[in-house]
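Asks: Structure file model.txt (compact mmCIF, C-alpha atoms) right here:
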```
# COMPACT_ATOMS: atom_id res chain seq x y z
CA MET A 1 12.67 -87.28 -13.03
CA GLY A 2 16.22 -86.55 -14.07
CA LYS A 3 17.72 -87.44 -17.37
CA ARG A 4 19.17 -90.92 -17.46
CA LYS A 5 22.92 -90.92 -17.83
CA ASP A 6 24.61 -92.88 -20.53
CA LYS A 7 26.41 -95.96 -19.18
CA LYS A 8 29.71 -94.77 -20.59
CA SER A 9 29.49 -91.53 -18.64
CA ILE A 10 29.06 -93.31 -15.30
CA LYS A 11 31.40 -96.23 -15.91
CA LYS A 12 34.14 -96.09 -13.30
CA LYS A 13 37.73 -96.17 -14.41
CA SER A 14 39.37 -99.33 -13.09
CA LYS A 15 41.86 -98.54 -10.35
CA LYS A 16 45.38 -99.79 -10.84
CA HIS A 17 47.01 -101.67 -8.00
CA GLU A 18 49.63 -98.97 -7.51
CA ASP A 19 46.89 -96.33 -7.34
CA TYR A 20 45.16 -98.02 -4.41
CA ALA A 21 44.94 -96.02 -1.18
CA PRO A 22 43.35 -97.16 2.10
CA PRO A 23 40.22 -95.29 3.24
CA LYS A 24 40.70 -92.21 5.39
CA GLY A 25 38.63 -90.55 8.05
CA LYS A 26 38.62 -89.94 11.79
CA GLY A 27 39.29 -93.20 13.57
CA LYS A 28 38.68 -95.18 10.39
CA ARG A 29 41.05 -98.00 9.54
CA GLY A 30 41.03 -100.15 6.42
CA LYS A 31 38.92 -103.23 7.06
CA GLY A 32 37.99 -106.42 5.27
CA LYS A 33 39.16 -107.83 1.98
CA THR A 34 42.52 -107.00 0.43
CA LYS A 35 43.91 -108.23 -2.90
CA THR A 36 40.84 -106.83 -4.64
CA SER A 37 42.67 -104.92 -7.36
CA LYS A 38 42.11 -105.99 -10.95
CA ASN A 39 45.89 -106.23 -11.45
CA TRP A 40 46.61 -108.09 -8.21
CA ASP A 41 47.62 -111.43 -9.76
CA LYS A 42 50.04 -109.81 -12.21
CA TYR A 43 51.55 -107.69 -9.44
CA PHE A 44 51.90 -110.67 -7.09
CA ASN A 45 53.52 -112.89 -9.72
CA GLU A 46 56.07 -110.20 -10.60
CA PHE A 47 56.85 -109.75 -6.90
CA GLN A 48 57.17 -113.51 -6.46
CA GLU A 49 59.65 -113.82 -9.33
CA LYS A 50 61.85 -111.11 -7.83
CA LEU A 51 61.95 -112.91 -4.49
CA LYS A 52 62.58 -116.33 -6.07
CA ALA A 53 65.72 -114.92 -7.67
CA LYS A 54 66.97 -114.43 -4.08
CA GLY A 55 66.08 -117.96 -2.99
CA ILE A 56 62.90 -116.99 -1.12
CA TYR A 57 59.20 -116.92 -1.90
CA MET A 58 55.89 -115.59 -0.58
CA ARG A 59 53.58 -118.06 1.11
CA ASP A 60 50.44 -115.98 0.85
CA VAL A 61 47.67 -115.85 3.44
CA ASP A 62 43.96 -115.06 3.37
CA GLY A 63 43.24 -111.43 2.53
CA ASP A 64 40.42 -111.03 5.04
CA GLY A 65 41.85 -108.00 6.83
CA ASN A 66 43.91 -110.13 9.23
CA CYS A 67 46.77 -110.73 6.80
CA LEU A 68 49.49 -109.08 8.91
CA PHE A 69 48.68 -111.27 11.89
CA ARG A 70 48.13 -114.33 9.69
CA SER A 71 51.58 -113.86 8.13
CA ILE A 72 53.22 -113.57 11.56
CA ALA A 73 51.35 -116.68 12.77
CA ASP A 74 52.62 -118.56 9.71
CA GLN A 75 56.18 -117.40 10.38
CA LEU A 76 56.21 -118.29 14.07
CA GLU A 77 53.89 -121.32 14.17
CA GLY A 78 53.32 -122.47 10.60
CA ASP A 79 49.58 -121.95 10.96
CA GLU A 80 47.97 -118.70 9.83
CA GLU A 81 44.71 -119.61 11.60
CA ASN A 82 46.34 -118.68 14.93
CA HIS A 83 46.28 -115.01 13.96
CA ALA A 84 43.85 -113.66 16.58
CA LYS A 85 46.26 -113.89 19.49
CA TYR A 86 48.85 -111.76 17.69
CA ARG A 87 46.27 -109.03 17.13
CA GLU A 88 45.41 -109.18 20.82
CA MET A 89 49.09 -108.95 21.81
CA ALA A 90 49.60 -105.89 19.61
CA VAL A 91 46.46 -104.11 20.83
CA GLU A 92 47.28 -104.74 24.49
CA TYR A 93 50.78 -103.36 24.03
CA ILE A 94 49.55 -100.24 22.24
CA LYS A 95 46.87 -99.74 24.91
CA LYS A 96 49.47 -99.92 27.70
CA ASN A 97 51.87 -97.62 25.85
CA LYS A 98 49.44 -95.34 24.04
CA GLU A 99 51.32 -92.20 25.14
CA HIS A 100 54.22 -93.38 22.98
CA PHE A 101 52.01 -94.08 19.95
CA ALA A 102 49.61 -91.12 20.15
CA PRO A 103 52.09 -88.50 18.82
CA PHE A 104 52.46 -90.54 15.62
CA ILE A 105 48.77 -90.99 14.93
CA SER A 106 47.47 -89.22 11.84
CA GLU A 107 45.68 -85.90 12.31
CA ASP A 108 42.29 -87.35 11.38
CA GLU A 109 42.46 -90.13 14.00
CA ASP A 110 42.68 -90.36 17.79
CA ILE A 111 44.45 -93.11 19.71
CA GLU A 112 41.38 -94.37 21.60
CA LYS A 113 39.39 -94.85 18.39
CA TYR A 114 42.44 -96.40 16.76
CA ILE A 115 42.70 -99.00 19.54
CA GLN A 116 38.98 -99.68 19.36
CA ASP A 117 39.11 -100.26 15.60
CA MET A 118 42.27 -102.36 15.79
CA SER A 119 40.65 -104.63 18.37
CA GLU A 120 38.09 -105.74 15.81
CA ASP A 121 38.63 -108.79 13.61
CA GLY A 122 39.41 -107.86 10.01
CA THR A 123 40.90 -104.41 10.71
CA TRP A 124 44.13 -103.96 8.80
CA GLY A 125 47.32 -103.96 10.85
CA GLY A 126 50.34 -101.83 10.02
CA HIS A 127 53.48 -100.24 11.40
CA PHE A 128 52.13 -99.63 14.93
CA GLU A 129 51.34 -103.32 15.27
CA LEU A 130 54.75 -104.34 13.92
CA VAL A 131 56.51 -102.13 16.45
CA ALA A 132 54.27 -103.46 19.24
CA LEU A 133 54.83 -107.11 18.32
CA SER A 134 58.56 -106.54 17.97
CA ALA A 135 58.57 -105.45 21.61
CA VAL A 136 56.27 -108.25 22.83
CA LEU A 137 57.86 -111.11 20.86
CA GLY A 138 61.45 -109.88 20.87
CA VAL A 139 61.79 -110.12 17.09
CA LYS A 140 62.67 -107.86 14.21
CA PHE A 141 60.63 -107.68 11.05
CA CYS A 142 62.15 -107.61 7.59
CA LEU A 143 59.58 -106.16 5.18
CA HIS A 144 60.29 -107.14 1.59
CA LEU A 145 59.00 -104.60 -0.95
CA LYS A 146 58.43 -105.22 -4.65
CA ASP A 147 60.45 -102.37 -6.13
CA GLU A 148 62.53 -101.14 -3.19
CA GLU A 149 65.08 -102.47 -0.74
CA PRO A 150 63.68 -104.29 2.31
CA VAL A 151 62.96 -102.32 5.48
CA ILE A 152 63.96 -103.53 8.96
CA VAL A 153 61.38 -102.73 11.65
CA LYS A 154 61.98 -103.11 15.37
CA SER A 155 60.97 -101.76 18.74
CA HIS A 156 63.60 -99.67 20.50
CA GLU A 157 62.40 -101.08 23.78
CA GLN A 158 64.31 -104.25 22.92
CA LYS A 159 68.09 -104.37 22.66
CA LYS A 160 68.46 -107.99 21.62
CA PHE A 161 66.25 -109.98 19.28
CA SER A 162 65.73 -113.72 18.99
CA LYS A 163 65.09 -113.77 15.24
CA ILE A 164 64.09 -111.87 12.13
CA VAL A 165 60.56 -112.44 10.85
CA HIS A 166 60.28 -112.04 7.08
CA LEU A 167 57.13 -110.53 5.58
CA ALA A 168 56.21 -109.16 2.17
CA TYR A 169 54.50 -105.77 2.23
CA HIS A 170 52.18 -104.93 -0.66
CA ILE A 171 51.01 -101.46 -1.65
CA ASP A 172 47.40 -102.02 -0.58
CA GLU A 173 48.55 -102.99 2.93
CA HIS A 174 48.33 -106.72 2.30
CA TYR A 175 51.04 -108.85 3.90
CA SER A 176 52.42 -112.28 3.03
CA SER A 177 54.77 -114.63 4.83
CA VAL A 178 58.22 -114.95 3.21
CA ARG A 179 60.08 -118.28 3.41
CA LYS A 180 63.07 -120.04 1.90
CA ILE A 181 62.31 -121.91 -1.29
CA GLY A 182 61.60 -125.50 -0.26
CA ASP A 183 60.31 -124.50 3.18
CA ASN A 184 56.74 -125.70 2.68
CA ASP A 185 55.97 -127.45 5.96
CA LYS A 186 53.22 -126.51 8.35
CA ALA A 187 55.85 -125.51 10.88
CA PRO A 188 57.64 -122.32 11.93
CA ALA A 189 59.53 -120.71 9.06
CA GLU A 190 63.14 -121.75 8.66
CA GLU A 191 65.74 -119.08 9.21
CA ILE A 192 66.61 -117.20 6.03
CA PRO A 193 70.37 -116.64 5.66
CA LEU A 194 70.65 -112.94 4.94
CA GLN A 195 73.54 -113.57 2.55
CA VAL A 196 71.04 -114.96 0.03
CA LEU A 197 69.58 -111.50 -0.30
CA ASP A 198 71.18 -108.91 -2.56
CA LYS A 199 70.84 -106.27 0.14
CA VAL A 200 68.81 -105.84 3.32
CA ASP A 201 70.11 -102.47 4.51
CA ASN A 202 73.04 -104.16 6.30
CA ALA A 203 70.63 -106.17 8.42
CA SER A 204 73.14 -109.02 8.71
CA GLU A 205 75.66 -106.71 10.35
CA ASP A 206 72.97 -105.37 12.65
CA THR A 207 71.96 -108.88 13.74
CA GLU A 208 75.55 -109.68 14.68
CA SER A 209 75.91 -106.46 16.66
CA ASP A 210 72.78 -107.27 18.67
CA SER A 211 74.55 -110.20 20.31
CA ASP A 212 77.74 -108.25 20.92
CA SER A 213 76.65 -104.77 21.96
CA ASN A 214 73.72 -102.46 22.53
CA ASP A 215 74.74 -99.98 19.85
CA GLU A 216 71.87 -98.78 17.68
CA ASP A 217 72.19 -99.45 13.97
CA SER A 218 71.25 -96.53 11.75
CA THR A 219 69.49 -98.87 9.34
CA ASP A 220 66.89 -99.90 11.93
CA SER A 221 63.71 -97.87 11.93
CA ASP A 222 62.22 -96.30 15.03
CA MET A 223 58.49 -95.64 15.09
CA GLU A 224 58.77 -92.33 13.25
CA GLY A 225 61.08 -93.84 10.65
CA VAL A 226 58.75 -96.78 10.14
CA THR A 227 55.83 -94.43 9.64
CA LYS A 228 57.75 -92.61 6.93
CA ASN A 229 58.91 -95.83 5.28
CA MET A 230 55.46 -97.40 5.29
CA ASN A 231 53.78 -94.31 3.90
CA ARG A 232 56.35 -93.11 1.41
CA MET A 233 54.96 -95.17 -1.47
CA SER A 234 51.66 -93.31 -1.38
CA LEU A 235 53.04 -89.96 -0.20
CA ASN A 236 55.79 -89.68 -2.79
CA ASP A 237 53.27 -89.61 -5.63
CA SER A 238 51.30 -86.75 -4.10
CA LYS A 239 54.47 -84.87 -3.19
CA ASN A 240 55.87 -85.29 -6.69
CA LYS A 241 52.59 -84.16 -8.20
CA SER A 242 52.55 -81.14 -5.90
CA LYS A 243 56.16 -80.33 -6.76
CA LYS A 244 55.49 -80.73 -10.48
CA LYS A 245 52.50 -78.41 -10.16
CA GLN A 246 54.61 -75.85 -8.29
CA ASP A 247 57.34 -76.14 -10.91
CA THR A 248 54.76 -75.83 -13.69
CA ASP A 249 53.16 -72.79 -12.03
CA SER A 250 56.60 -71.27 -11.54
CA ASP A 251 57.53 -71.93 -15.18
CA GLU A 252 54.25 -70.41 -16.35
CA GLU A 253 54.79 -67.31 -14.21
CA GLU A 254 58.33 -67.00 -15.56
CA GLU A 255 57.09 -67.35 -19.14
CA LYS A 256 54.41 -64.72 -18.55
CA SER A 257 56.98 -62.40 -16.99
CA ASN A 258 59.43 -62.93 -19.85
CA ALA A 259 56.69 -62.36 -22.42
CA LYS A 260 55.63 -59.17 -20.64
CA ASN A 261 59.21 -57.89 -20.47
CA LYS A 262 59.77 -58.83 -24.09
CA LYS A 263 56.64 -56.94 -25.11
CA PHE A 264 57.67 -53.93 -23.03
CA ASN A 265 61.20 -53.90 -24.44
CA LYS A 266 59.87 -54.30 -27.97
CA GLY A 267 57.56 -51.28 -27.44
CA LYS A 268 60.40 -49.33 -25.90
CA ASP A 269 62.71 -50.08 -28.84
CA LYS A 270 59.96 -49.18 -31.31
CA HIS A 271 59.35 -45.86 -29.52
CA LYS A 272 63.08 -45.09 -29.52
CA GLU A 273 63.37 -45.95 -33.21
CA LYS A 274 60.44 -43.61 -34.00
CA ALA A 275 61.98 -40.85 -31.92
CA ASP A 276 65.31 -41.25 -33.74
CA ASN A 277 63.58 -41.09 -37.14
CA ASN A 278 61.66 -37.97 -36.12
CA LYS A 279 64.87 -36.36 -35.00
CA LYS A 280 66.54 -37.08 -38.35
CA THR A 281 63.64 -35.80 -40.44
CA GLY A 282 62.87 -32.86 -38.15
CA LYS A 283 59.34 -34.04 -37.52
CA GLY A 284 57.76 -33.25 -34.21
CA LYS A 285 59.56 -29.91 -33.64
CA LYS A 286 57.31 -26.93 -33.07
CA GLY A 287 57.70 -23.99 -35.49
CA ARG A 288 59.46 -26.05 -38.12
CA VAL A 289 58.19 -25.44 -41.71
```
Take the structure I supplied and represent it as structure tokens, if you would.

Replies:
Amino acid sequence: MGKRKDKKSIKKKSKKHEDYAPPKGKGKRGKGKTKTSKNWDKYFNEFQEKLKAKGIYMRDVDGDGNCLFRSIADQLEGDEENHAKYREMAVEYIKKNKEHFAPFISEDEDIEKYIQDMSEDGTWGGHFELVALSAVLGVKFCLHLKDEEPVIVKSHEQKKFSKIVHLAYHIDEHYSSVRKIGDNDKAPAEEIPLQVLDKVDNASEDTESDSDSNDEDSTDSDMEGVTKNMNRMSLNDSKNKSKKKQDTDSDEEEEKSNAKNKKFNKGKDKHKEKADNNKKTGKGKKGRV
């Protein structure tokens, strides 16, 4: 029987909210409860205060794995319990257009398994489902982020959109419905005047152009752009760490090289100095007495 480990040695370090990452693996999507981080309440309250300063707030939904679809149901109907049909809409669209989505699937997943997982209640939705529902519903999504500017998500299949649906996107892939302060009814969310926001990547200009022309706005995200936007929060940390490591390794190599050169030059100078002294004193010459 092995030696019993001390409790301190096996005690897990509590994971910070910003350190959270969804599970990975072939065909595996995050599923079940969100908002499980120890620091969730603090994070949410800070996020809420930032939005309130803009005249909007988060009406949160159940974190049972259906939060994306619950938030959309709240926005469009005022009742998050109608979430299942929005999941079904998204899955059906992806299934019919899987050749468009497959190239953007992560290397450790395949599109068939993705669709199978996404069909199940409680599987976390994400950027694929937003793009799909943008096409099906004819809406754009404005994703409000805690520490970054909002991101506009839309399907490029649509040229004109009936409205903008406002959602809050949290780091652990939890979503909330975003409404105007005072909009508390169990009814579809009231339109949020974009001028109340400090900046939404020129979304107001883009909305106007939708009714006037079919020109694409550079601030709108296609599927590839959405993928990058949605993943950058987790990827930037690893990239920065990798870059720091490369820079550190490079600095260490440079220091080693400089130290080696310095040592070589010092030995060379010492040898030259000894040779000069020998020359002056006549030491080292054969036959000299």

Asks: Which residue is closest to Asn45 (chain A)? Choose from A:Met58, A:Lys33, A:Lys186, A:Gln75 and count only C-alpha atoms.

Replies: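 Ranking A:Met58, A:Lys33, A:Lys186, A:Gln75 by distance to Asn45 (chain A), first place goes to A:Met58.
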
Asks: When you count all atoms listed in the file, which of these residues is closest to Gly32 (chain A): A:Gly138, A:Gly122, A:Pro103, A:Gly55?

Replies: A:Gly122

Asks: Could you check how far CA of Gly126 (chain A) sits from CA of Gly30 (chain A), in Å to one decimal?

Replies: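 Computed distance, CA of Gly126 (chain A) to CA of Gly30 (chain A), equals 10.1 Å.
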
Asks: Counting all atoms listed in the file, which residues sit no farther than 12 Å from the position (53.6, -106.0, 21.1) in the file's frame? I'd like them as a ChimeraX atom specification.

Replies: /A:69,85-98,127-140,154-158

Asks: Please, what distance in Å, to one decimal, runs between CA of Glu46 (chain A) and CA of Glu191 (chain A)?

Replies: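 Going from CA of Glu46 (chain A) over to CA of Glu191 (chain A), I get 23.8 Å.
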
Asks: With distances taken over only C-alpha atoms, which residue among A:Gly78, A:Lys42, A:Lys35, A:Asn66 lies nearest Asp185 (chain A)?

Replies: A:Gly78

Asks: Between A:Ala187, A:Ile164, A:Val178, A:Ile192, which has the minimum distance to Asp79 (chain A) (counting only C-alpha atoms)?

Replies: A:Ala187

Asks: Using only C-alpha atoms, which protein or nucleic acid residues come within 12 Å of Tyr43 (chain A)? Drop anything in the same chain fewer than 2 positions from it, and give the result as a ChimeraX atom specification.

Replies: /A:16-18,35-41,45-50,145-147,170-172

Asks: So how many Å separate CA of Arg179 (chain A) and CA of Asp62 (chain A), to one decimal?

Replies: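 So the two atoms, CA of Arg179 (chain A) and CA of Asp62 (chain A), lie 16.4 Å apart.
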
Asks: For a quick check of understanding, using all atoms listed in the file, which of A:Leu51, A:Leu68, A:Ile105, A:Ile56 has the smallest distance to Thr34 (chain A)?

Replies: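 Using all atoms listed in the file, Thr34 (chain A) sits closest to A:Leu68.
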
Asks: When distances are computed from all atoms listed in the file, which of A:Glu109, A:Glu80, A:Asp183, A:Glu255 shows the smallest separation from Tyr57 (chain A)?

Replies: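 With all atoms listed in the file as the atom set, the closest residue is A:Asp183.
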
Asks: I'd like the neighbourhood of Lys113 (chain A) as a list in words, where a residue qualifies if any of its atoms comes within 12 Å (using only C-alpha atoms), though same-chain residues fewer than 2 positions away should be ignored.

Replies: Gly25, Lys26, Gly27, Lys28, Arg29, Val91, Lys95, Lys98, Ala102, Ile105, Ser106, Asp108, Glu109, Asp110, Ile111, Ile115, Gln116, Asp117, Met118, Ser119 and Glu120 of chain A
